[in-house]
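Asker: Just one file: query.cif, with mmCIF, N, CA and C atoms.
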data_input
loop_
_atom_site.label_atom_id
_atom_site.label_comp_id
_atom_site.auth_asym_id
_atom_site.auth_seq_id
_atom_site.Cartn_x
_atom_site.Cartn_y
_atom_site.Cartn_z
N MET A 510 -5.64 -9.49 9.42
CA MET A 510 -5.23 -8.15 9.78
C MET A 510 -3.85 -8.21 10.43
N PHE A 511 -3.06 -7.23 10.12
CA PHE A 511 -1.71 -7.18 10.67
C PHE A 511 -1.74 -6.41 11.98
N GLU A 512 -1.45 -7.12 13.05
CA GLU A 512 -1.43 -6.51 14.37
C GLU A 512 -0.04 -6.66 14.96
N THR A 513 0.29 -5.76 15.84
CA THR A 513 1.58 -5.83 16.52
C THR A 513 1.36 -5.60 18.00
N SER A 514 2.35 -5.98 18.78
CA SER A 514 2.25 -5.75 20.22
C SER A 514 2.54 -4.29 20.55
N LYS A 515 3.31 -3.63 19.67
CA LYS A 515 3.58 -2.21 19.86
C LYS A 515 2.40 -1.40 19.33
N SER A 516 2.23 -0.19 19.86
CA SER A 516 1.14 0.63 19.37
C SER A 516 1.41 1.11 17.94
N VAL A 517 2.60 1.64 17.67
CA VAL A 517 2.95 2.09 16.32
C VAL A 517 4.38 1.64 16.03
N LEU A 518 4.56 0.96 14.92
CA LEU A 518 5.90 0.53 14.52
C LEU A 518 6.70 1.72 14.00
N SER A 519 8.00 1.58 14.02
CA SER A 519 8.86 2.60 13.43
C SER A 519 8.78 2.49 11.91
N LEU A 520 9.24 3.51 11.21
CA LEU A 520 9.25 3.45 9.74
C LEU A 520 10.09 2.28 9.25
N ASP A 521 11.24 2.03 9.87
CA ASP A 521 12.08 0.90 9.47
C ASP A 521 11.35 -0.43 9.63
N GLU A 522 10.62 -0.58 10.72
CA GLU A 522 9.85 -1.81 10.94
C GLU A 522 8.73 -1.96 9.92
N VAL A 523 8.07 -0.86 9.62
CA VAL A 523 7.00 -0.88 8.62
C VAL A 523 7.58 -1.25 7.25
N MET A 524 8.71 -0.63 6.89
CA MET A 524 9.31 -0.92 5.59
C MET A 524 9.78 -2.37 5.51
N ASP A 525 10.33 -2.91 6.59
CA ASP A 525 10.71 -4.33 6.58
C ASP A 525 9.49 -5.21 6.32
N LEU A 526 8.37 -4.87 6.91
CA LEU A 526 7.14 -5.63 6.70
C LEU A 526 6.66 -5.47 5.25
N ILE A 527 6.72 -4.26 4.73
CA ILE A 527 6.32 -4.01 3.34
C ILE A 527 7.19 -4.83 2.39
N TYR A 528 8.49 -4.88 2.64
CA TYR A 528 9.39 -5.67 1.79
C TYR A 528 9.03 -7.16 1.84
N LYS A 529 8.75 -7.67 3.04
CA LYS A 529 8.40 -9.08 3.17
C LYS A 529 7.09 -9.40 2.45
N ILE A 530 6.11 -8.55 2.60
CA ILE A 530 4.83 -8.77 1.94
C ILE A 530 5.00 -8.65 0.42
N GLY A 531 5.70 -7.64 -0.04
CA GLY A 531 5.93 -7.43 -1.47
C GLY A 531 6.64 -8.60 -2.13
N ALA A 532 7.49 -9.28 -1.38
CA ALA A 532 8.22 -10.43 -1.93
C ALA A 532 7.26 -11.54 -2.36
N ARG A 533 6.06 -11.57 -1.79
CA ARG A 533 5.08 -12.60 -2.16
C ARG A 533 4.68 -12.51 -3.63
N ILE A 534 4.82 -11.30 -4.21
CA ILE A 534 4.52 -11.14 -5.64
C ILE A 534 5.77 -10.67 -6.38
N SER A 535 6.91 -11.04 -5.84
CA SER A 535 8.22 -10.80 -6.48
C SER A 535 8.56 -9.33 -6.66
N LEU A 536 8.10 -8.48 -5.76
CA LEU A 536 8.48 -7.07 -5.81
C LEU A 536 9.81 -6.88 -5.11
N SER A 537 10.71 -6.17 -5.74
CA SER A 537 12.01 -5.90 -5.14
C SER A 537 11.91 -4.78 -4.11
N LYS A 538 12.90 -4.69 -3.26
CA LYS A 538 12.95 -3.58 -2.31
C LYS A 538 12.97 -2.24 -3.04
N GLU A 539 13.66 -2.19 -4.16
CA GLU A 539 13.75 -0.95 -4.93
C GLU A 539 12.37 -0.50 -5.42
N ALA A 540 11.54 -1.46 -5.77
CA ALA A 540 10.20 -1.14 -6.26
C ALA A 540 9.32 -0.57 -5.16
N LEU A 541 9.66 -0.84 -3.91
CA LEU A 541 8.85 -0.40 -2.78
C LEU A 541 9.51 0.71 -1.97
N ALA A 542 10.75 1.03 -2.28
CA ALA A 542 11.51 1.99 -1.48
C ALA A 542 10.98 3.41 -1.59
N ASN A 543 10.10 3.68 -2.55
CA ASN A 543 9.59 5.04 -2.71
C ASN A 543 8.70 5.48 -1.55
N PHE A 544 8.42 4.59 -0.62
CA PHE A 544 7.61 4.96 0.53
C PHE A 544 8.46 5.54 1.66
N ALA A 545 9.66 5.96 1.34
CA ALA A 545 10.58 6.50 2.34
C ALA A 545 9.93 7.65 3.09
N ASP A 546 10.55 8.03 4.18
CA ASP A 546 10.00 9.03 5.10
C ASP A 546 10.12 10.46 4.59
N GLN A 547 10.39 10.63 3.31
CA GLN A 547 10.48 11.98 2.76
C GLN A 547 9.70 12.05 1.47
N SER A 548 9.12 13.18 1.21
CA SER A 548 8.37 13.36 -0.01
C SER A 548 9.31 13.53 -1.19
N ALA A 549 8.96 12.88 -2.28
CA ALA A 549 9.70 13.09 -3.53
C ALA A 549 9.13 14.30 -4.26
N ASP A 550 8.05 14.87 -3.72
CA ASP A 550 7.41 16.07 -4.26
C ASP A 550 7.00 15.89 -5.72
N CYS A 551 6.59 14.66 -6.06
CA CYS A 551 6.20 14.39 -7.45
C CYS A 551 4.90 13.61 -7.53
N GLY A 552 4.13 13.63 -6.48
CA GLY A 552 2.88 12.89 -6.46
C GLY A 552 3.03 11.46 -5.98
N ALA A 553 4.24 11.06 -5.63
CA ALA A 553 4.45 9.71 -5.09
C ALA A 553 4.19 9.74 -3.58
N PRO A 554 3.53 8.72 -3.06
CA PRO A 554 3.23 8.70 -1.63
C PRO A 554 4.45 8.38 -0.78
N HIS A 555 4.43 8.87 0.43
CA HIS A 555 5.44 8.47 1.41
C HIS A 555 4.74 8.24 2.75
N ILE A 556 5.45 7.53 3.61
CA ILE A 556 4.90 7.11 4.90
C ILE A 556 5.65 7.83 6.02
N ARG A 557 4.88 8.19 7.03
CA ARG A 557 5.48 8.73 8.25
C ARG A 557 4.84 8.00 9.43
N CYS A 558 5.65 7.70 10.41
CA CYS A 558 5.16 7.00 11.60
C CYS A 558 5.49 7.84 12.82
N ASP A 559 4.48 8.21 13.59
CA ASP A 559 4.69 8.87 14.87
C ASP A 559 3.71 8.24 15.85
N HIS A 560 2.74 8.97 16.34
CA HIS A 560 1.74 8.37 17.22
C HIS A 560 0.71 7.55 16.43
N SER A 561 0.73 7.70 15.10
CA SER A 561 -0.10 6.91 14.20
C SER A 561 0.64 6.80 12.86
N TYR A 562 0.00 6.17 11.90
CA TYR A 562 0.60 6.00 10.58
C TYR A 562 0.02 7.04 9.63
N HIS A 563 0.90 7.61 8.82
CA HIS A 563 0.50 8.65 7.88
C HIS A 563 0.86 8.23 6.46
N TRP A 564 -0.07 8.44 5.55
CA TRP A 564 0.11 8.21 4.12
C TRP A 564 -0.03 9.59 3.48
N ILE A 565 1.07 10.10 2.94
CA ILE A 565 1.11 11.49 2.49
C ILE A 565 1.56 11.56 1.03
N VAL A 566 0.86 12.39 0.27
CA VAL A 566 1.22 12.61 -1.13
C VAL A 566 1.43 14.11 -1.31
N VAL A 567 2.63 14.47 -1.79
CA VAL A 567 2.96 15.87 -2.04
C VAL A 567 3.34 16.00 -3.51
N GLU A 568 2.78 17.03 -4.14
CA GLU A 568 3.11 17.30 -5.53
C GLU A 568 3.29 18.80 -5.71
N ARG A 569 4.41 19.16 -6.31
CA ARG A 569 4.75 20.56 -6.57
C ARG A 569 4.65 21.41 -5.31
N GLY A 570 5.13 20.84 -4.22
CA GLY A 570 5.18 21.58 -2.96
C GLY A 570 3.87 21.64 -2.20
N LYS A 571 2.82 21.02 -2.72
CA LYS A 571 1.51 21.07 -2.07
C LYS A 571 1.07 19.67 -1.66
N GLU A 572 0.66 19.54 -0.41
CA GLU A 572 0.14 18.27 0.07
C GLU A 572 -1.24 18.06 -0.54
N ILE A 573 -1.36 17.00 -1.36
CA ILE A 573 -2.64 16.76 -2.03
C ILE A 573 -3.43 15.63 -1.39
N GLU A 574 -2.78 14.86 -0.53
CA GLU A 574 -3.48 13.79 0.20
C GLU A 574 -2.73 13.51 1.49
N HIS A 575 -3.50 13.32 2.55
CA HIS A 575 -2.90 12.95 3.84
C HIS A 575 -3.94 12.10 4.58
N ARG A 576 -3.66 10.81 4.63
CA ARG A 576 -4.51 9.90 5.40
C ARG A 576 -3.74 9.50 6.66
N GLN A 577 -4.48 9.33 7.73
CA GLN A 577 -3.86 8.98 9.00
C GLN A 577 -4.68 7.88 9.66
N THR A 578 -3.98 6.91 10.27
CA THR A 578 -4.66 5.81 10.94
C THR A 578 -3.79 5.25 12.05
N PRO A 579 -4.41 4.76 13.11
CA PRO A 579 -3.65 4.04 14.14
C PRO A 579 -3.51 2.55 13.79
N VAL A 580 -4.14 2.12 12.70
CA VAL A 580 -4.23 0.70 12.34
C VAL A 580 -3.20 0.36 11.26
N LEU A 581 -2.26 -0.50 11.60
CA LEU A 581 -1.21 -0.90 10.66
C LEU A 581 -1.80 -1.51 9.39
N ASP A 582 -2.82 -2.32 9.51
CA ASP A 582 -3.44 -2.95 8.34
C ASP A 582 -3.92 -1.92 7.33
N ASP A 583 -4.46 -0.81 7.80
CA ASP A 583 -4.90 0.25 6.88
C ASP A 583 -3.72 0.79 6.08
N LEU A 584 -2.64 1.10 6.77
CA LEU A 584 -1.46 1.64 6.09
C LEU A 584 -0.92 0.65 5.06
N LEU A 585 -0.82 -0.61 5.45
CA LEU A 585 -0.31 -1.63 4.53
C LEU A 585 -1.24 -1.78 3.32
N TYR A 586 -2.53 -1.74 3.56
CA TYR A 586 -3.48 -1.81 2.45
C TYR A 586 -3.28 -0.64 1.50
N TRP A 587 -3.15 0.58 2.04
CA TRP A 587 -2.95 1.75 1.18
C TRP A 587 -1.69 1.59 0.33
N ALA A 588 -0.62 1.09 0.96
CA ALA A 588 0.64 0.92 0.24
C ALA A 588 0.50 -0.09 -0.88
N PHE A 589 -0.16 -1.20 -0.60
CA PHE A 589 -0.26 -2.23 -1.63
C PHE A 589 -1.41 -1.99 -2.60
N GLU A 590 -2.40 -1.23 -2.22
CA GLU A 590 -3.41 -0.82 -3.20
C GLU A 590 -2.74 0.06 -4.25
N ALA A 591 -1.91 1.00 -3.81
CA ALA A 591 -1.21 1.89 -4.74
C ALA A 591 -0.21 1.13 -5.61
N THR A 592 0.55 0.24 -4.98
CA THR A 592 1.57 -0.52 -5.71
C THR A 592 0.94 -1.44 -6.74
N THR A 593 -0.10 -2.18 -6.34
CA THR A 593 -0.73 -3.10 -7.28
C THR A 593 -1.50 -2.35 -8.36
N PHE A 594 -1.98 -1.16 -8.06
CA PHE A 594 -2.65 -0.35 -9.09
C PHE A 594 -1.65 0.02 -10.18
N ALA A 595 -0.46 0.47 -9.78
CA ALA A 595 0.57 0.82 -10.77
C ALA A 595 0.94 -0.39 -11.63
N LEU A 596 1.07 -1.54 -11.00
CA LEU A 596 1.37 -2.76 -11.75
C LEU A 596 0.22 -3.13 -12.69
N ALA A 597 -1.00 -2.96 -12.23
CA ALA A 597 -2.17 -3.31 -13.03
C ALA A 597 -2.33 -2.39 -14.23
N VAL A 598 -2.00 -1.12 -14.07
CA VAL A 598 -2.06 -0.19 -15.20
C VAL A 598 -1.07 -0.62 -16.28
N LYS A 599 0.14 -0.96 -15.88
CA LYS A 599 1.14 -1.44 -16.84
C LYS A 599 0.67 -2.72 -17.52
N TYR A 600 0.12 -3.62 -16.73
CA TYR A 600 -0.36 -4.89 -17.27
C TYR A 600 -1.47 -4.64 -18.31
N GLU A 601 -2.41 -3.78 -17.96
CA GLU A 601 -3.52 -3.49 -18.88
C GLU A 601 -3.01 -2.92 -20.19
N LEU A 602 -2.03 -2.04 -20.12
CA LEU A 602 -1.48 -1.46 -21.35
C LEU A 602 -0.86 -2.52 -22.24
N GLN A 603 -0.27 -3.54 -21.64
CA GLN A 603 0.36 -4.62 -22.41
C GLN A 603 -0.64 -5.66 -22.90
N HIS A 604 -1.83 -5.69 -22.30
CA HIS A 604 -2.83 -6.71 -22.64
C HIS A 604 -4.17 -6.08 -23.01
N ARG A 605 -4.14 -4.91 -23.55
CA ARG A 605 -5.37 -4.17 -23.85
C ARG A 605 -6.28 -4.94 -24.79
N ASN A 606 -7.55 -4.92 -24.48
CA ASN A 606 -8.60 -5.49 -25.32
C ASN A 606 -9.51 -4.33 -25.71
N LEU A 607 -9.49 -3.96 -26.96
CA LEU A 607 -10.24 -2.78 -27.41
C LEU A 607 -11.75 -2.93 -27.28
N ALA A 608 -12.22 -4.16 -27.12
CA ALA A 608 -13.66 -4.38 -26.98
C ALA A 608 -14.14 -4.23 -25.54
N GLU A 609 -13.21 -4.16 -24.60
CA GLU A 609 -13.58 -4.09 -23.18
C GLU A 609 -13.19 -2.74 -22.57
N ASP A 610 -13.95 -2.34 -21.58
CA ASP A 610 -13.56 -1.22 -20.74
C ASP A 610 -12.20 -1.57 -20.13
N ASN A 611 -11.26 -0.66 -20.23
CA ASN A 611 -9.89 -0.91 -19.76
C ASN A 611 -9.84 -1.32 -18.29
N ARG A 612 -10.79 -0.85 -17.51
CA ARG A 612 -10.79 -1.14 -16.08
C ARG A 612 -11.01 -2.62 -15.78
N ARG A 613 -11.66 -3.34 -16.68
CA ARG A 613 -11.91 -4.77 -16.43
C ARG A 613 -10.60 -5.53 -16.25
N ILE A 614 -9.69 -5.39 -17.22
CA ILE A 614 -8.41 -6.09 -17.16
C ILE A 614 -7.58 -5.57 -16.00
N MET A 615 -7.55 -4.24 -15.86
CA MET A 615 -6.74 -3.62 -14.82
C MET A 615 -7.17 -4.10 -13.43
N TRP A 616 -8.45 -3.99 -13.15
CA TRP A 616 -8.93 -4.38 -11.82
C TRP A 616 -8.84 -5.88 -11.59
N ARG A 617 -9.09 -6.68 -12.61
CA ARG A 617 -8.97 -8.13 -12.46
C ARG A 617 -7.54 -8.50 -12.05
N TYR A 618 -6.57 -7.87 -12.71
CA TYR A 618 -5.17 -8.14 -12.39
C TYR A 618 -4.83 -7.64 -10.98
N GLN A 619 -5.28 -6.44 -10.65
CA GLN A 619 -5.00 -5.89 -9.32
C GLN A 619 -5.63 -6.75 -8.23
N LEU A 620 -6.84 -7.22 -8.44
CA LEU A 620 -7.49 -8.09 -7.46
C LEU A 620 -6.71 -9.40 -7.29
N ASP A 621 -6.21 -9.95 -8.39
CA ASP A 621 -5.41 -11.17 -8.31
C ASP A 621 -4.14 -10.94 -7.50
N LEU A 622 -3.48 -9.81 -7.71
CA LEU A 622 -2.27 -9.50 -6.95
C LEU A 622 -2.57 -9.36 -5.46
N LEU A 623 -3.63 -8.63 -5.13
CA LEU A 623 -3.98 -8.45 -3.72
C LEU A 623 -4.38 -9.77 -3.08
N GLN A 624 -5.02 -10.66 -3.83
CA GLN A 624 -5.36 -11.98 -3.31
C GLN A 624 -4.11 -12.73 -2.87
N LYS A 625 -3.04 -12.60 -3.66
CA LYS A 625 -1.78 -13.27 -3.32
C LYS A 625 -1.12 -12.66 -2.09
N LEU A 626 -1.36 -11.38 -1.87
CA LEU A 626 -0.75 -10.70 -0.73
C LEU A 626 -1.52 -10.96 0.56
N TYR A 627 -2.83 -10.73 0.49
CA TYR A 627 -3.65 -10.85 1.68
C TYR A 627 -5.12 -10.81 1.22
N PRO A 628 -5.83 -11.92 1.28
CA PRO A 628 -7.19 -11.99 0.73
C PRO A 628 -8.15 -10.90 1.23
N ALA A 629 -8.01 -10.46 2.45
CA ALA A 629 -8.90 -9.41 2.96
C ALA A 629 -8.71 -8.11 2.20
N TRP A 630 -7.49 -7.86 1.72
CA TRP A 630 -7.26 -6.65 0.92
C TRP A 630 -7.96 -6.76 -0.41
N ARG A 631 -8.01 -7.97 -0.99
CA ARG A 631 -8.74 -8.17 -2.23
C ARG A 631 -10.22 -7.83 -2.01
N ASP A 632 -10.77 -8.34 -0.93
CA ASP A 632 -12.18 -8.08 -0.62
C ASP A 632 -12.43 -6.59 -0.43
N ARG A 633 -11.51 -5.93 0.21
CA ARG A 633 -11.64 -4.48 0.45
C ARG A 633 -11.64 -3.71 -0.87
N LEU A 634 -10.74 -4.07 -1.78
CA LEU A 634 -10.71 -3.39 -3.08
C LEU A 634 -11.94 -3.74 -3.90
N GLU A 635 -12.38 -4.98 -3.82
CA GLU A 635 -13.56 -5.38 -4.59
C GLU A 635 -14.78 -4.55 -4.17
N GLN A 636 -14.90 -4.29 -2.89
CA GLN A 636 -16.01 -3.45 -2.41
C GLN A 636 -15.88 -2.03 -2.95
N LYS A 637 -14.66 -1.51 -2.97
CA LYS A 637 -14.43 -0.17 -3.51
C LYS A 637 -14.79 -0.12 -5.00
N ILE A 638 -14.39 -1.14 -5.74
CA ILE A 638 -14.71 -1.20 -7.17
C ILE A 638 -16.22 -1.26 -7.38
N ASP A 639 -16.91 -2.08 -6.60
CA ASP A 639 -18.37 -2.18 -6.71
C ASP A 639 -19.02 -0.82 -6.49
N ASN A 640 -18.52 -0.05 -5.54
CA ASN A 640 -19.07 1.28 -5.30
C ASN A 640 -18.80 2.23 -6.46
N ILE A 641 -17.62 2.14 -7.04
CA ILE A 641 -17.28 2.97 -8.21
C ILE A 641 -18.21 2.62 -9.37
N LEU A 642 -18.42 1.33 -9.59
CA LEU A 642 -19.23 0.89 -10.74
C LEU A 642 -20.70 1.26 -10.61
N LYS A 643 -21.18 1.51 -9.40
CA LYS A 643 -22.56 1.96 -9.23
C LYS A 643 -22.78 3.29 -9.94
N ASP A 644 -21.80 4.19 -9.83
CA ASP A 644 -21.92 5.51 -10.46
C ASP A 644 -21.26 5.57 -11.84
N HIS A 645 -20.31 4.68 -12.08
CA HIS A 645 -19.54 4.70 -13.32
C HIS A 645 -19.40 3.28 -13.86
N PRO A 646 -20.50 2.73 -14.43
CA PRO A 646 -20.47 1.34 -14.88
C PRO A 646 -19.47 1.13 -16.03
N TYR A 647 -19.14 -0.13 -16.24
CA TYR A 647 -18.26 -0.46 -17.35
C TYR A 647 -18.89 0.01 -18.65
N ARG A 648 -18.02 0.46 -19.56
CA ARG A 648 -18.48 0.89 -20.89
C ARG A 648 -17.67 0.11 -21.93
N ASP A 649 -18.11 -1.11 -22.16
CA ASP A 649 -17.46 -1.94 -23.17
C ASP A 649 -17.85 -1.41 -24.55
N ARG A 650 -17.00 -1.66 -25.50
CA ARG A 650 -17.23 -1.22 -26.88
C ARG A 650 -17.74 -2.41 -27.67
N ARG A 651 -18.91 -2.25 -28.27
CA ARG A 651 -19.49 -3.37 -29.03
C ARG A 651 -18.79 -3.59 -30.35
N TYR A 652 -18.42 -2.52 -30.98
CA TYR A 652 -17.82 -2.64 -32.31
C TYR A 652 -16.44 -2.04 -32.30
N VAL A 653 -15.49 -2.81 -32.72
CA VAL A 653 -14.11 -2.33 -32.79
C VAL A 653 -13.73 -2.37 -34.26
N GLY A 654 -13.19 -1.27 -34.72
CA GLY A 654 -12.78 -1.31 -36.13
C GLY A 654 -12.45 0.01 -36.68
#
Let me see the structure of the file written as structure tokens.
Answerer:
Amino acid sequence: MFETSKSVLSLDEVMDLIYKIGARISLSKEALANFADQSADCGAPHIRCDHSYHWIVVERGKEIEHRQTPVLDDLLYWAFEATTFALAVKYELQHRNLAEDNRRIMWRYQLDLLQKLYPAWRDRLEQKIDNILKDHPYRDRRYVG
């Protein structure tokens, strides 16, 4: 878990940490800069830091998601869950197997990325995936043709 001696880091401090963590999987600063302190108003998340950490998504002028936490690890997990998900979707499209549920490749890749970043985040996503699969199991295709 990422802990600091300060109660809440500034946005610049959080972004510096995000850049350092992202470098573990060769992510550039440009790839992570979309978490700036302003909404792009296009469904992309942004971060705000005040008395706690905020993860905010605005689309077409409407706030569609707003998570808040005093825990830095939660914010970092949200940032890298979103980032690795986007990478995993691209990966799955390039490596699609028509006989498998698309989520198998996507989640396997995303879990591998999170493992490289911070193993506890991999465990956290794996638990989330297990809960999703209880209600929405994999639907592999037996016959392709």
Asker: Given the file shown, determine the residues that the PyMOL selection byres (((chain A and resi 618 and name CA) around 12) and name CA) selects; report them as a VMD selection string.
Answerer: chain A and resid 590 593 to 604 611 to 617 619 to 625 631 634 to 635
Asker: Which protein, DNA or RNA residues are at most 12 Å from (1.5, 19.4, -2.1) in the file's coordinates when you count only C-alpha atoms, listed as a CSV table (one decimal) with N, CA and C atoms, in the coordinates of the input?
Answerer:
chain,number,residue,atom,x,y,z
A,548,SER,N,9.1,13.2,1.2
A,548,SER,CA,8.4,13.4,0.0
A,548,SER,C,9.3,13.5,-1.2
A,549,ALA,N,9.0,12.9,-2.3
A,549,ALA,CA,9.7,13.1,-3.5
A,549,ALA,C,9.1,14.3,-4.3
A,550,ASP,N,8.0,14.9,-3.7
A,550,ASP,CA,7.4,16.1,-4.3
A,550,ASP,C,7.0,15.9,-5.7
A,551,CYS,N,6.6,14.7,-6.1
A,551,CYS,CA,6.2,14.4,-7.4
A,551,CYS,C,4.9,13.6,-7.5
A,552,GLY,N,4.1,13.6,-6.5
A,552,GLY,CA,2.9,12.9,-6.5
A,552,GLY,C,3.0,11.5,-6.0
A,553,ALA,N,4.2,11.1,-5.6
A,553,ALA,CA,4.4,9.7,-5.1
A,553,ALA,C,4.2,9.7,-3.6
A,554,PRO,N,3.5,8.7,-3.1
A,554,PRO,CA,3.2,8.7,-1.6
A,554,PRO,C,4.4,8.4,-0.8
A,565,ILE,N,1.1,10.1,2.9
A,565,ILE,CA,1.1,11.5,2.5
A,565,ILE,C,1.6,11.6,1.0
A,566,VAL,N,0.9,12.4,0.3
A,566,VAL,CA,1.2,12.6,-1.1
A,566,VAL,C,1.4,14.1,-1.3
A,567,VAL,N,2.6,14.5,-1.8
A,567,VAL,CA,3.0,15.9,-2.0
A,567,VAL,C,3.3,16.0,-3.5
A,568,GLU,N,2.8,17.0,-4.1
A,568,GLU,CA,3.1,17.3,-5.5
A,568,GLU,C,3.3,18.8,-5.7
A,569,ARG,N,4.4,19.2,-6.3
A,569,ARG,CA,4.8,20.6,-6.6
A,569,ARG,C,4.6,21.4,-5.3
A,570,GLY,N,5.1,20.8,-4.2
A,570,GLY,CA,5.2,21.6,-3.0
A,570,GLY,C,3.9,21.6,-2.2
A,571,LYS,N,2.8,21.0,-2.7
A,571,LYS,CA,1.5,21.1,-2.1
A,571,LYS,C,1.1,19.7,-1.7
A,572,GLU,N,0.7,19.5,-0.4
A,572,GLU,CA,0.1,18.3,0.1
A,572,GLU,C,-1.2,18.1,-0.5
A,573,ILE,N,-1.4,17.0,-1.4
A,573,ILE,CA,-2.6,16.8,-2.0
A,573,ILE,C,-3.4,15.6,-1.4
A,574,GLU,N,-2.8,14.9,-0.5
A,574,GLU,CA,-3.5,13.8,0.2
A,574,GLU,C,-2.7,13.5,1.5
A,575,HIS,N,-3.5,13.3,2.6
A,575,HIS,CA,-2.9,13.0,3.8
A,575,HIS,C,-3.9,12.1,4.6
Asker: So how far away is CA of Arg650 (chain A) from CA of Leu607 (chain A), in Å?
Answerer: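 It comes out at 7.2 Å.
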Asker: Record the distance separating atom N of Leu585 (chain A) and CA of Met524 (chain A), expressed in Å with one decimal.
Answerer: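 These two atoms are separated by 10.1 Å.
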Asker: Tell me, in Å to one decimal, how far atom C of Leu584 (chain A) is from atom N of Pro646 (chain A).
Answerer: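 Atom C of Leu584 (chain A) sits 27.7 Å away from atom N of Pro646 (chain A).
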Asker: Taking into account only C-alpha atoms, which residue in the set A:Tyr627, A:Tyr647, A:Trp587, A:Tyr562 is nearest to Ser519 (chain A)?
Answerer: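 Closest residue, counting only C-alpha atoms: A:Tyr562.
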Asker: Name the residues of region 524-645 of chain A that fall into strand (DSSP E or B) according to DSSP on the backbone, using the chain letters and numbers of this document, as number ranges by chain.
Answerer: A: 551-558, 562-568, 571-578
Asker: Where does DSSP see alpha helix (DSSP H) in region 511-652 of chain A, if you list the residues as an NGL selection string?
Answerer: :A and (520-531 or 538-541 or 581-603 or 611-626 or 628-644)
Asker: Go through A:Ala608, A:Leu581, A:Ile556, A:Ala588 one by one, measure the shortest atom-to-atom distance of each to Arg651 (chain A) using all atoms listed in the file, and give the residue with the smallest value.
Answerer: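 Among the listed residues, the smallest separation from Arg651 (chain A) belongs to A:Ala608.
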